[in-house]
Every structure is written in C-alpha cells, then in structure tokens.
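Colleague: A single structure is presented below for examination.
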Amino acid sequence: MSSTPKTLFEKIWEQHVVAQQPNSPAVLYIDLHLVHEVTSPQAFTGLRQRGLRVRRPDKTVATMDHSIPTTPLSVPIADAQAAAQLQMLADNTKEFGIALHGMDSPMRGIVHVIGPELGLTQPGMTIVCGDSHTSTHGAFGALAFGIGTSEVEHVLASQCLLQTRPKTFAVRVEGRLGTGVSAKDIILALIARIGIGGGGGHVFEYSGSAIRGLTMEERMTICNMSIEGGARAGMIAPDDVTFEYLAGRRHVPQGAAWERALQRWRALPSDAAAQFDKSITIAANELEPMVTYGTNPGMGVPISGRIPDPAQISNAAARASIEQALEYMGLQPGQALLGQPIDVVFVGSCTNGRISDLRLAAQVMRGRRVASGVRMLVVPGSQEVKRQAEQEGLDRVFRESGAEWREAGCSMCIAMNGDQLRPGQRAVSTSNRNFEGRQGKGGRTFLASPLTAAASAVSGHIADVRTLL
Amino acid sequence: MAQFTTLTSRVIPLPRINIDTDQIIPARYLKVTDKAGLGDALFADWRYAADGTPIADFVLNQPQHRGAQILLAGDNFGCGSSREHAPWALTAWGIRAVITTDVADIFRSNALKNGLLPIVVSGAAHAKLLEFVEELPQCELQIDLATQQLTLPDGSQVQFPIDEFSKTCLLQGVDQLGYILNYSERITAYEATLAG
Ligand code: SF4
C-alpha cells in the first residue's frame, strides 16, 4: 500500500482499473449501467449483429424518459416514431434480460432521478449512461459520466470501457448562501466564471462548507451541470448526509452489508494533502440568484445584472458568439434581465425536478397566480416524486395557481415528446441547457433556479424571488 | 470502423465557437433506431428555414462546399449532449475530419469510434487556415494521420496531437469492443474480487 495522498476520484479510478497497457487507455470496470430509449437502440443492434449477450444484466437498469409523453398514460402516444423507439427498448430489455422501469412502472422517471431514488447510485461506484447528465450521480461520491452509443454497446458486452484518465479540478465553495440563492445558482455561477469549456478533460470535485451544507438533492443539482462546465464528471465526497439519504433505499445493502459498505464509503473522501490539477474558490455569500441570457449555460449573470455589451469584448470569436446569442434571444446589450417579459415557465428536468425543487417552487406559488399570458408546466422528475408531491398537496398549489401538473419525464428540457416552445417564445426554465432550439425550434431559454422560475411565473417577467419571500 | 489514413479535401469554414451537439443534430431527430441516414438532419436548424427550404447563406448549402470532407469549426466543438448521432450525422453528410482549437471530451470519444478525426490546432494555425479558406474556398488541405501533419495550400505544415491508441485504431480501422473483449479473462478475475 502506498501512502501517497489521493483524491476521491483517484481512489475510485484505481479501484476500477482492470487492465492498463502503456500508451493505451485503461480498461475500466463499470458498476452500474443506466439505459434509456434514445441512446440504446443502435447498441443493442450491434450486440445482436456480433452475436454477443449482455455480460451483467444485473448491473444494468433501463427506464423510459426522453421521448415519453407527460400527458396522462391513458392517452396513446401520438408520435409513431417515439412509440416505436419506446417499444424497441421494451423488446431489447426483455430479450437481454435487463430490468426495465417502463411506461407502466410506478418507479419510472428521468434516469438521473430514479437511480438515486432507488438506491442504485452508491458511493465509490463507477456509473455510466448514454447521457451527458450522468454526472448527477457524482453527488454520492461516485465516478459517473456520460458515454456515447458505441460505448453503451461496449459496457453491455463487457461491463468495461476504455478510458483515458482525466485530470482533477477542485471547486471549493465556501460560506453561506443568502436567502433566495440555491444550488442552481452556485453551479450557474461556476459555469459563468470558467466558461462552458472550462472543465474540459477534468473531473470536478466540489467541496467546501457551502457544499457540505447542501442536501443530497441540492448536491445532485450541482453535479448534474458539471457537463455544462465541460467536465464529464463532478463528484462530492460522501458524508453523513449521503448515508442518511441512502439508508433503507431499495437497492442499498442492508444489515451487516450496510455496515461494511459504510466502512468502505468512509474511506473514500480525498485525503487532506491530495493534489488537484486545477482549482477555483467561490464565495457562497457573494452569490445572487443567477439567470442566463444567451445560448449556452456559461452566458449567465446575477439576476440584478445587465446583458453584456459584445462591443466591449476584445476576442473576435467570443464577441461574435455573444452577438449571435443576443440576436437569437432577441435581446439588446446593456438591458436589465429583471423585467424581461416571458411566455412559458418550465419547472422540471434531472437538474431541478426533484421533490425539494417542487417544494421551493410551490412555496412561491402558494396563494399566487401564474401571470396572465404565461404558461407554466410543472413536470416531476419521476412518478415517485409525483406521488410524494401529491401527498403533500403541491399538485393542488400548482393547479390552483394556474400551472399544468404533468406526468414524469424529460419533457420540455429536450422537447422530444411534444412539450415544446413555439418559435420566438421565451421561457424561464429550471433545466440545464439553453442551446438554440433545445426547448423547441426557435424557442428562447433563460436558465434559472426553481425559486426564480416560480417568481417569474407569478410576475409575468423575469423576477427576483427575494422580493417575494 | 472506417479506417482513416490520409485525406485531401476542400474545407468548410464554420468558425463559431461552442457549437453544441444540439446544433449538430437537433433532439427531434434522435427518435430513430438506426445509425444510418442522418445526413439530412446535420445542422438542420441552421440549414433549413421553418418551411423546410435550405437557407442559402449557410455554409453547408453553398455550392462551393459540396463534397468537402473537412469542417473548420470554432473552439470547444461538440459540447453538450453525449449523442453519438452527432458524428453519425457528420459522417453521413460526408465529413471525415473536424479541425478546431478544442473539442469537447464526449464528442471526441464518439468521433474516434466512427472514423471521424478530431484535429486540434493552435489559435494561430486555426486563424491562418481560416484565412486561406475564406480567400480561396477551392483550396485543398492534406491530412496525414500517420505523420500527424496538415499540409496547407502554401505547402506549410502544421503538426497535430493525437494519442497513440486512437491513432492506431483509426489507421487500422480497429474496433475497440474487440480490444476490450480480449481482456475477458481479466474482467472475470476482477469480478471475482468484488465485494458482495
Ligand atoms: S431531463 Fe433533460 S438533461 Fe436530463 S436526462 Fe432528460 S433530456 Fe437529458
């Protein structure tokens, strides 16, 4: 045993290397493979063409989330292509013996919401999925990252992946968040600072007193958007908050096995003297609610801020990028974000579609009405989140305020299922991407927290929740 | 996988930075269950107007770029979603190499599995290339993967980095799954060590 201090990432990486030849990527073992309908069909076809089976169906779990409708299940799926893709996942998982949380499963939901919910996601694991927001699971102290469909096939066939070792990037968030400022604002502030390519080639490890003070759901919001900072993965050391969240969940070890797991998990956090390749420190108490104005998640400003003036940016490519973004968004340099009129508010997604997100939004909506002319969709991240919210009466709060309360799914985060913006419409969205057309061709997205989304919904324009609390 | 050794082609300039995979292929085209046939969906929202007619001044629609196999893109190309449909759409349209100053991690990995070569060059080399292409749209660029060299129309050369493993895979058209499966015994031995 060497006594070199190690980071959380290094410990997990080293525990999972099956083989490593010089000048070659490592053969890395994968503990959990999550599968959904959109990025898996071609992988299963590949297996069939090669006559391969799934090596570890017991380490593979599938769900339907991206293209399923969020209308009541009694309504047949209108989109024949989506229906065929969903059917193909049902057929593939049946043929290869993989557990599926399908259309009628009470545990169905967005893949990154149900993994933790079911206790599938555990500290120290390597977790992959054909989806870039797999980084979400890093909140548990797992090494979790998105892969392409060829790699989905690799993992199905071998339970392994070829990976080049990434570098490490410490993101320290110290201090206390102010009222009305949440986990979403931390991650939007980080991305605004480092840019959307800033974490390329690195794995983030979030630490510091502000991170320790967050709940698991808030930590998931942060790790979720690591990919928007260019990092494939983001991690947070497991602690008592993690263990309390996990205790008793369906797939978590029980009894003596739980005690043994705890012992392993407690050894995971980065050693005090461990070195990172890069680092940044953010003062939590200086943060405001954040909102994006442009067409990538790095184009964000504090909500009281103004839209930057491209004329003041010296780098030609960066200037052009902001000019194009403002043109697409229909915004002018120097305008205030506060007061910008909006058409739609979307609360949901794997970033902010968990029960605590819905509670925050409901807290603002209670006793208020969605402003006239604004459409608000509230889409729980899973059927479990939906049931919990209904038990707490949150659905009534949303409905009575004039918002739509829908079935679980990715919905307007990716606009594959019919929930989408019309060209030119402006939305405040709790999702993670404001790319051109992401929420519907020609749609314009302002990313923000659930609190800011709810405040904007009742105001009819981008609003500062701190004036409503 | 398709081999990649050398390529001589005209270049399509698309120097926007941070071109995300939602632009390369919008999500509504991801409902397919095949890899093939995505060429028409490439850059669909930049290529076609609302009524489906091609937008004349978008580079892919310009006649002088038809048949070109190299895309000259801005920094951080391929960021965002992990969809492998992005390299599928690019290669289906005919693109075999993307030259930029940086490529997003997942896109790079996906591209390399589809015989699509991501080439990262310095800002200065990128600017020089862009100048060439904008002045002489018909000029051709040579790519030699074995020597990791680009040859510009004026004969000057630019060296580009690529890791040994990816280079060998591309040069030989090696399939990575085959490589992993050679380790089956080691994988079994590893699995035997896993706790309960
Ligand atoms: S909610 Fe959005 S980001 Fe999350 S998995 Fe679904 S489509 Fe992807």
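Following the order of the structure tokens, first chain is A, next is B, and so on, with residues numbered from 1 inside each chain and ligands from 1 in the order they appear.
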Once you count only C-alpha atoms, which residues of chain B turn out to be within 9 Å of chain A? Could you give them as a PyMOL selection string?
Modeller: chain B and resi 15-18+20+22-23+26-35+45+50+74-76+79-85+102-107+109-110+113-114+163-166+176-177+180-181+183-184+186-187+189-191+196
Colleague: Please list as a list in words every residue within 10 Å of Leu358 (chain A), counting only C-alpha atoms and excluding residues in the same chain fewer than 4 positions away.
Modeller: Val347, Gly348, Asn352, Gly353, Arg354, Ala362, Gln363, Val378, Val379, Pro380, Gly381, Val385, Lys386, Ala389, Leu394, Asp395, Phe398, Pro450, Leu451 and Ala454 of chain A
Colleague: Generate the output file for the selected residues, N, CA, C and O atoms, as a PDB file, in the first residue's frame.
Modeller:
ATOM      1  N   VAL A 347     -40.759  24.012 -14.929  1.00  0.00           N
ATOM      2  CA  VAL A 347     -40.109  23.504 -13.717  1.00  0.00           C
ATOM      3  C   VAL A 347     -40.028  21.991 -13.862  1.00  0.00           C
ATOM      4  O   VAL A 347     -41.059  21.326 -13.985  1.00  0.00           O
ATOM      5  N   GLY A 348     -38.822  21.479 -13.877  1.00  0.00           N
ATOM      6  CA  GLY A 348     -38.644  20.033 -14.033  1.00  0.00           C
ATOM      7  C   GLY A 348     -37.223  19.720 -14.439  1.00  0.00           C
ATOM      8  O   GLY A 348     -36.314  20.526 -14.215  1.00  0.00           O
ATOM      9  N   ASN A 352     -33.538  19.962 -11.797  1.00  0.00           N
ATOM     10  CA  ASN A 352     -34.417  20.543 -10.778  1.00  0.00           C
ATOM     11  C   ASN A 352     -35.832  19.973 -10.842  1.00  0.00           C
ATOM     12  O   ASN A 352     -36.809  20.727 -10.796  1.00  0.00           O
ATOM     13  N   GLY A 353     -35.944  18.654 -10.945  1.00  0.00           N
ATOM     14  CA  GLY A 353     -37.284  18.052 -10.972  1.00  0.00           C
ATOM     15  C   GLY A 353     -37.519  17.136  -9.783  1.00  0.00           C
ATOM     16  O   GLY A 353     -38.340  16.224  -9.844  1.00  0.00           O
ATOM     17  N   ARG A 354     -36.770  17.352  -8.703  1.00  0.00           N
ATOM     18  CA  ARG A 354     -36.931  16.509  -7.521  1.00  0.00           C
ATOM     19  C   ARG A 354     -37.885  17.164  -6.538  1.00  0.00           C
ATOM     20  O   ARG A 354     -38.263  18.322  -6.690  1.00  0.00           O
ATOM     21  N   ALA A 362     -43.356  25.591  -5.156  1.00  0.00           N
ATOM     22  CA  ALA A 362     -44.701  25.687  -4.580  1.00  0.00           C
ATOM     23  C   ALA A 362     -44.756  26.744  -3.485  1.00  0.00           C
ATOM     24  O   ALA A 362     -45.761  27.453  -3.334  1.00  0.00           O
ATOM     25  N   GLN A 363     -43.667  26.862  -2.751  1.00  0.00           N
ATOM     26  CA  GLN A 363     -43.605  27.848  -1.674  1.00  0.00           C
ATOM     27  C   GLN A 363     -43.848  29.265  -2.232  1.00  0.00           C
ATOM     28  O   GLN A 363     -44.514  30.086  -1.609  1.00  0.00           O
ATOM     29  N   VAL A 378     -45.287  22.161 -14.744  1.00  0.00           N
ATOM     30  CA  VAL A 378     -44.517  21.546 -13.670  1.00  0.00           C
ATOM     31  C   VAL A 378     -44.483  20.051 -13.950  1.00  0.00           C
ATOM     32  O   VAL A 378     -45.529  19.403 -14.040  1.00  0.00           O
ATOM     33  N   VAL A 379     -43.270  19.534 -14.160  1.00  0.00           N
ATOM     34  CA  VAL A 379     -43.106  18.139 -14.567  1.00  0.00           C
ATOM     35  C   VAL A 379     -42.204  17.426 -13.563  1.00  0.00           C
ATOM     36  O   VAL A 379     -40.998  17.660 -13.535  1.00  0.00           O
ATOM     37  N   PRO A 380     -42.791  16.573 -12.732  1.00  0.00           N
ATOM     38  CA  PRO A 380     -41.954  15.871 -11.749  1.00  0.00           C
ATOM     39  C   PRO A 380     -40.914  14.990 -12.425  1.00  0.00           C
ATOM     40  O   PRO A 380     -41.155  14.456 -13.510  1.00  0.00           O
ATOM     41  N   GLY A 381     -39.776  14.826 -11.756  1.00  0.00           N
ATOM     42  CA  GLY A 381     -38.678  14.058 -12.345  1.00  0.00           C
ATOM     43  C   GLY A 381     -38.936  12.566 -12.383  1.00  0.00           C
ATOM     44  O   GLY A 381     -38.286  11.840 -13.131  1.00  0.00           O
ATOM     45  N   VAL A 385     -41.571  11.047  -7.366  1.00  0.00           N
ATOM     46  CA  VAL A 385     -41.618  12.467  -6.996  1.00  0.00           C
ATOM     47  C   VAL A 385     -43.057  12.972  -7.131  1.00  0.00           C
ATOM     48  O   VAL A 385     -43.558  13.714  -6.281  1.00  0.00           O
ATOM     49  N   LYS A 386     -43.731  12.511  -8.182  1.00  0.00           N
ATOM     50  CA  LYS A 386     -45.113  12.952  -8.417  1.00  0.00           C
ATOM     51  C   LYS A 386     -46.014  12.516  -7.252  1.00  0.00           C
ATOM     52  O   LYS A 386     -46.776  13.329  -6.712  1.00  0.00           O
ATOM     53  N   ALA A 389     -45.253  14.536  -4.139  1.00  0.00           N
ATOM     54  CA  ALA A 389     -45.760  15.910  -4.259  1.00  0.00           C
ATOM     55  C   ALA A 389     -47.274  15.929  -4.055  1.00  0.00           C
ATOM     56  O   ALA A 389     -47.813  16.828  -3.396  1.00  0.00           O
ATOM     57  N   LEU A 394     -48.800  19.520  -3.155  1.00  0.00           N
ATOM     58  CA  LEU A 394     -48.128  20.505  -4.021  1.00  0.00           C
ATOM     59  C   LEU A 394     -48.829  20.607  -5.372  1.00  0.00           C
ATOM     60  O   LEU A 394     -48.873  21.682  -5.978  1.00  0.00           O
ATOM     61  N   ASP A 395     -49.365  19.470  -5.840  1.00  0.00           N
ATOM     62  CA  ASP A 395     -50.070  19.495  -7.130  1.00  0.00           C
ATOM     63  C   ASP A 395     -51.222  20.495  -7.074  1.00  0.00           C
ATOM     64  O   ASP A 395     -51.481  21.213  -8.028  1.00  0.00           O
ATOM     65  N   PHE A 398     -49.963  24.058  -7.374  1.00  0.00           N
ATOM     66  CA  PHE A 398     -49.637  24.409  -8.764  1.00  0.00           C
ATOM     67  C   PHE A 398     -50.908  24.581  -9.591  1.00  0.00           C
ATOM     68  O   PHE A 398     -51.061  25.556 -10.324  1.00  0.00           O
ATOM     69  N   PRO A 450     -35.481  26.890  -9.441  1.00  0.00           N
ATOM     70  CA  PRO A 450     -36.931  26.757  -9.253  1.00  0.00           C
ATOM     71  C   PRO A 450     -37.534  27.991  -8.570  1.00  0.00           C
ATOM     72  O   PRO A 450     -38.655  28.396  -8.913  1.00  0.00           O
ATOM     73  N   LEU A 451     -36.813  28.594  -7.637  1.00  0.00           N
ATOM     74  CA  LEU A 451     -37.339  29.792  -6.971  1.00  0.00           C
ATOM     75  C   LEU A 451     -37.509  30.930  -7.968  1.00  0.00           C
ATOM     76  O   LEU A 451     -38.533  31.614  -8.003  1.00  0.00           O
ATOM     77  N   ALA A 454     -40.409  30.192 -10.408  1.00  0.00           N
ATOM     78  CA  ALA A 454     -41.734  30.424  -9.830  1.00  0.00           C
ATOM     79  C   ALA A 454     -42.006  31.920  -9.677  1.00  0.00           C
ATOM     80  O   ALA A 454     -43.101  32.402  -9.995  1.00  0.00           O
TER      81      ALA A 454
END
Colleague: How far is it from CA of Glu95 (chain A) to CA of Leu34 (chain A), in Å with one decimal?
Modeller: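 Distance reported for this atom pair: 16.7 Å.
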Colleague: Enumerate, as a VMD selection string, the complete set of residues in region 54-138 of chain B that a backbone-based DSSP assignment places in helix (DSSP H, G or I).
Modeller: chain B and resid 59 to 61 63 to 65 85 to 93 105 to 112 123 to 135
Colleague: Could you dump the residues just selected with N, CA and C atoms as a compact mmCIF listing (two decimals), in the first residue's frame?
Modeller:
# COMPACT_ATOMS: atom_id res chain seq x y z
N VAL B 59 -23.21 27.77 -44.71
CA VAL B 59 -22.09 27.17 -45.46
C VAL B 59 -22.39 25.80 -46.09
N LEU B 60 -23.10 24.97 -45.36
CA LEU B 60 -23.34 23.63 -45.91
C LEU B 60 -24.21 23.66 -47.17
N ASN B 61 -24.94 24.77 -47.33
CA ASN B 61 -25.82 24.88 -48.51
C ASN B 61 -25.13 25.55 -49.69
N PRO B 63 -22.83 25.99 -52.83
CA PRO B 63 -22.38 25.01 -53.82
C PRO B 63 -20.87 24.76 -53.77
N GLN B 64 -20.07 25.78 -53.43
CA GLN B 64 -18.61 25.56 -53.46
C GLN B 64 -18.14 24.60 -52.36
N HIS B 65 -19.01 24.33 -51.37
CA HIS B 65 -18.61 23.44 -50.29
C HIS B 65 -19.14 22.02 -50.45
N HIS B 85 -25.26 10.50 -32.28
CA HIS B 85 -25.91 10.90 -33.53
C HIS B 85 -25.15 12.07 -34.16
N ALA B 86 -24.39 12.82 -33.36
CA ALA B 86 -23.65 13.96 -33.93
C ALA B 86 -22.58 13.47 -34.90
N PRO B 87 -21.65 12.59 -34.50
CA PRO B 87 -20.72 12.07 -35.52
C PRO B 87 -21.41 11.23 -36.59
N TRP B 88 -22.50 10.55 -36.27
CA TRP B 88 -23.22 9.80 -37.31
C TRP B 88 -23.73 10.76 -38.38
N ALA B 89 -24.28 11.92 -37.94
CA ALA B 89 -24.81 12.88 -38.91
C ALA B 89 -23.68 13.51 -39.72
N LEU B 90 -22.58 13.86 -39.05
CA LEU B 90 -21.45 14.47 -39.75
C LEU B 90 -20.88 13.52 -40.81
N THR B 91 -20.66 12.27 -40.43
CA THR B 91 -20.06 11.33 -41.38
C THR B 91 -21.04 10.96 -42.47
N ALA B 92 -22.33 10.90 -42.13
CA ALA B 92 -23.32 10.59 -43.17
C ALA B 92 -23.35 11.69 -44.22
N TRP B 93 -23.13 12.93 -43.80
CA TRP B 93 -23.11 14.04 -44.75
C TRP B 93 -21.82 14.00 -45.58
N ASP B 105 -14.98 16.63 -24.68
CA ASP B 105 -14.50 15.27 -24.38
C ASP B 105 -15.36 14.16 -24.97
N ILE B 106 -16.66 14.22 -24.74
CA ILE B 106 -17.51 13.09 -25.18
C ILE B 106 -17.58 13.06 -26.70
N PHE B 107 -17.65 14.25 -27.31
CA PHE B 107 -17.69 14.27 -28.78
C PHE B 107 -16.43 13.65 -29.35
N ARG B 108 -15.27 13.97 -28.76
CA ARG B 108 -14.02 13.42 -29.26
C ARG B 108 -14.08 11.89 -29.23
N SER B 109 -14.51 11.38 -28.09
CA SER B 109 -14.58 9.93 -27.92
C SER B 109 -15.55 9.31 -28.94
N ASN B 110 -16.69 9.93 -29.13
CA ASN B 110 -17.67 9.41 -30.10
C ASN B 110 -17.14 9.48 -31.53
N ALA B 111 -16.49 10.59 -31.86
CA ALA B 111 -15.98 10.78 -33.21
C ALA B 111 -14.97 9.69 -33.55
N LEU B 112 -14.06 9.44 -32.61
CA LEU B 112 -12.98 8.47 -32.85
C LEU B 112 -13.52 7.06 -33.07
N GLY B 123 -4.39 28.37 -31.83
CA GLY B 123 -5.18 29.50 -32.31
C GLY B 123 -4.58 30.14 -33.55
N ALA B 124 -3.24 30.23 -33.59
CA ALA B 124 -2.57 30.87 -34.73
C ALA B 124 -2.75 30.03 -35.99
N ALA B 125 -2.58 28.71 -35.88
CA ALA B 125 -2.74 27.84 -37.03
C ALA B 125 -4.18 27.86 -37.52
N HIS B 126 -5.11 27.92 -36.57
CA HIS B 126 -6.53 27.96 -36.90
C HIS B 126 -6.84 29.23 -37.70
N ALA B 127 -6.31 30.36 -37.21
CA ALA B 127 -6.56 31.64 -37.87
C ALA B 127 -5.99 31.64 -39.30
N LYS B 128 -4.82 31.05 -39.45
CA LYS B 128 -4.17 31.01 -40.76
C LYS B 128 -5.00 30.16 -41.73
N LEU B 129 -5.45 29.03 -41.23
CA LEU B 129 -6.29 28.15 -42.04
C LEU B 129 -7.57 28.85 -42.49
N LEU B 130 -8.18 29.53 -41.54
CA LEU B 130 -9.44 30.21 -41.81
C LEU B 130 -9.24 31.27 -42.89
N GLU B 131 -8.12 31.98 -42.82
CA GLU B 131 -7.81 32.99 -43.82
C GLU B 131 -7.72 32.36 -45.21
N PHE B 132 -6.98 31.27 -45.28
CA PHE B 132 -6.85 30.54 -46.54
C PHE B 132 -8.21 30.17 -47.12
N VAL B 133 -9.00 29.57 -46.27
CA VAL B 133 -10.27 29.01 -46.72
C VAL B 133 -11.22 30.12 -47.16
N GLU B 134 -11.17 31.25 -46.44
CA GLU B 134 -12.08 32.33 -46.80
C GLU B 134 -11.63 33.02 -48.08
N GLU B 135 -10.33 33.08 -48.30
CA GLU B 135 -9.85 33.71 -49.54
C GLU B 135 -9.95 32.79 -50.74
Colleague: Smallest atom-to-atom distance to ligand 1: which of A:Asp65, A:Glu404, A:Glu392, A:Glu244, using only C-alpha atoms and all ligand atoms?
Modeller: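 The shortest atom-to-atom distance to ligand 1 comes from A:Asp65.
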Colleague: Taking only region 23-146 of chain B into account, list the residues labelled strand (DSSP E or B) by DSSP (computed from the backbone), as a PyMOL selection string.
Modeller: chain B and resi 48+54+70-73+77+79+97-100+103+117-120+140-144
Colleague: As a list in words, please: the residues near Leu152 (chain B) (cut-off 7 Å, only C-alpha atoms, same-chain neighbours under 3 positions excluded).
Modeller: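 Within the cut-off, the hits are Leu141, Gln142, Gly155, Ser156 and Gln157 of chain B.
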Colleague: So that I have them on file, write out the residues from the current selection with N, CA and C atoms, as a PDB file, in the first residue's frame.
Modeller:
ATOM      1  N   LEU B 141      -6.709  20.958 -48.474  1.00  0.00           N
ATOM      2  CA  LEU B 141      -5.862  20.705 -47.330  1.00  0.00           C
ATOM      3  C   LEU B 141      -5.557  19.215 -47.330  1.00  0.00           C
ATOM      4  N   GLN B 142      -4.315  18.882 -46.941  1.00  0.00           N
ATOM      5  CA  GLN B 142      -3.986  17.460 -46.840  1.00  0.00           C
ATOM      6  C   GLN B 142      -3.820  17.076 -45.380  1.00  0.00           C
ATOM      7  N   GLY B 155       1.891  24.905 -48.838  1.00  0.00           N
ATOM      8  CA  GLY B 155       2.949  23.928 -48.589  1.00  0.00           C
ATOM      9  C   GLY B 155       3.427  23.898 -47.150  1.00  0.00           C
ATOM     10  N   SER B 156       3.007  24.874 -46.343  1.00  0.00           N
ATOM     11  CA  SER B 156       3.444  24.863 -44.944  1.00  0.00           C
ATOM     12  C   SER B 156       2.719  23.746 -44.195  1.00  0.00           C
ATOM     13  N   GLN B 157       3.375  23.291 -43.134  1.00  0.00           N
ATOM     14  CA  GLN B 157       2.813  22.156 -42.416  1.00  0.00           C
ATOM     15  C   GLN B 157       2.526  22.470 -40.961  1.00  0.00           C
TER      16      GLN B 157
END
Colleague: Looking at A:Ala267, A:Cys410, A:Val113, A:Met64, which one is nearest to ligand 1, with distances taken over only C-alpha atoms and all ligand atoms?
Modeller: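 With only C-alpha atoms and all ligand atoms as the atom set, the closest residue is A:Cys410.
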Colleague: I need the residue nearest Val158 (chain B) from this list: B:Thr21, B:Thr53, B:Thr100, B:Ser122. Use only C-alpha atoms for the distance.
Modeller: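 Closest to Val158 (chain B) of all the choices is B:Ser122.
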Colleague: What is the distance between CA of Asp239 (chain A) and CA of Gly213 (chain A), in Å to one decimal?
Modeller: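 Between CA of Asp239 (chain A) and CA of Gly213 (chain A) the gap is 10.8 Å.
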Colleague: One number please: CA of Met299 (chain A) to CA of Ala311 (chain A), in Å, one decimal.
Modeller: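 Spanning CA of Met299 (chain A) to CA of Ala311 (chain A) is a straight-line distance of 15.7 Å.
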Colleague: Please determine, counting only C-alpha atoms and all ligand atoms, which residue among A:Lys94, A:Arg50, A:His112, A:Arg359 has the shortest atom-to-atom distance to ligand 1.
Modeller: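 Among A:Lys94, A:Arg50, A:His112, A:Arg359, it is A:His112 that comes nearest to ligand 1.
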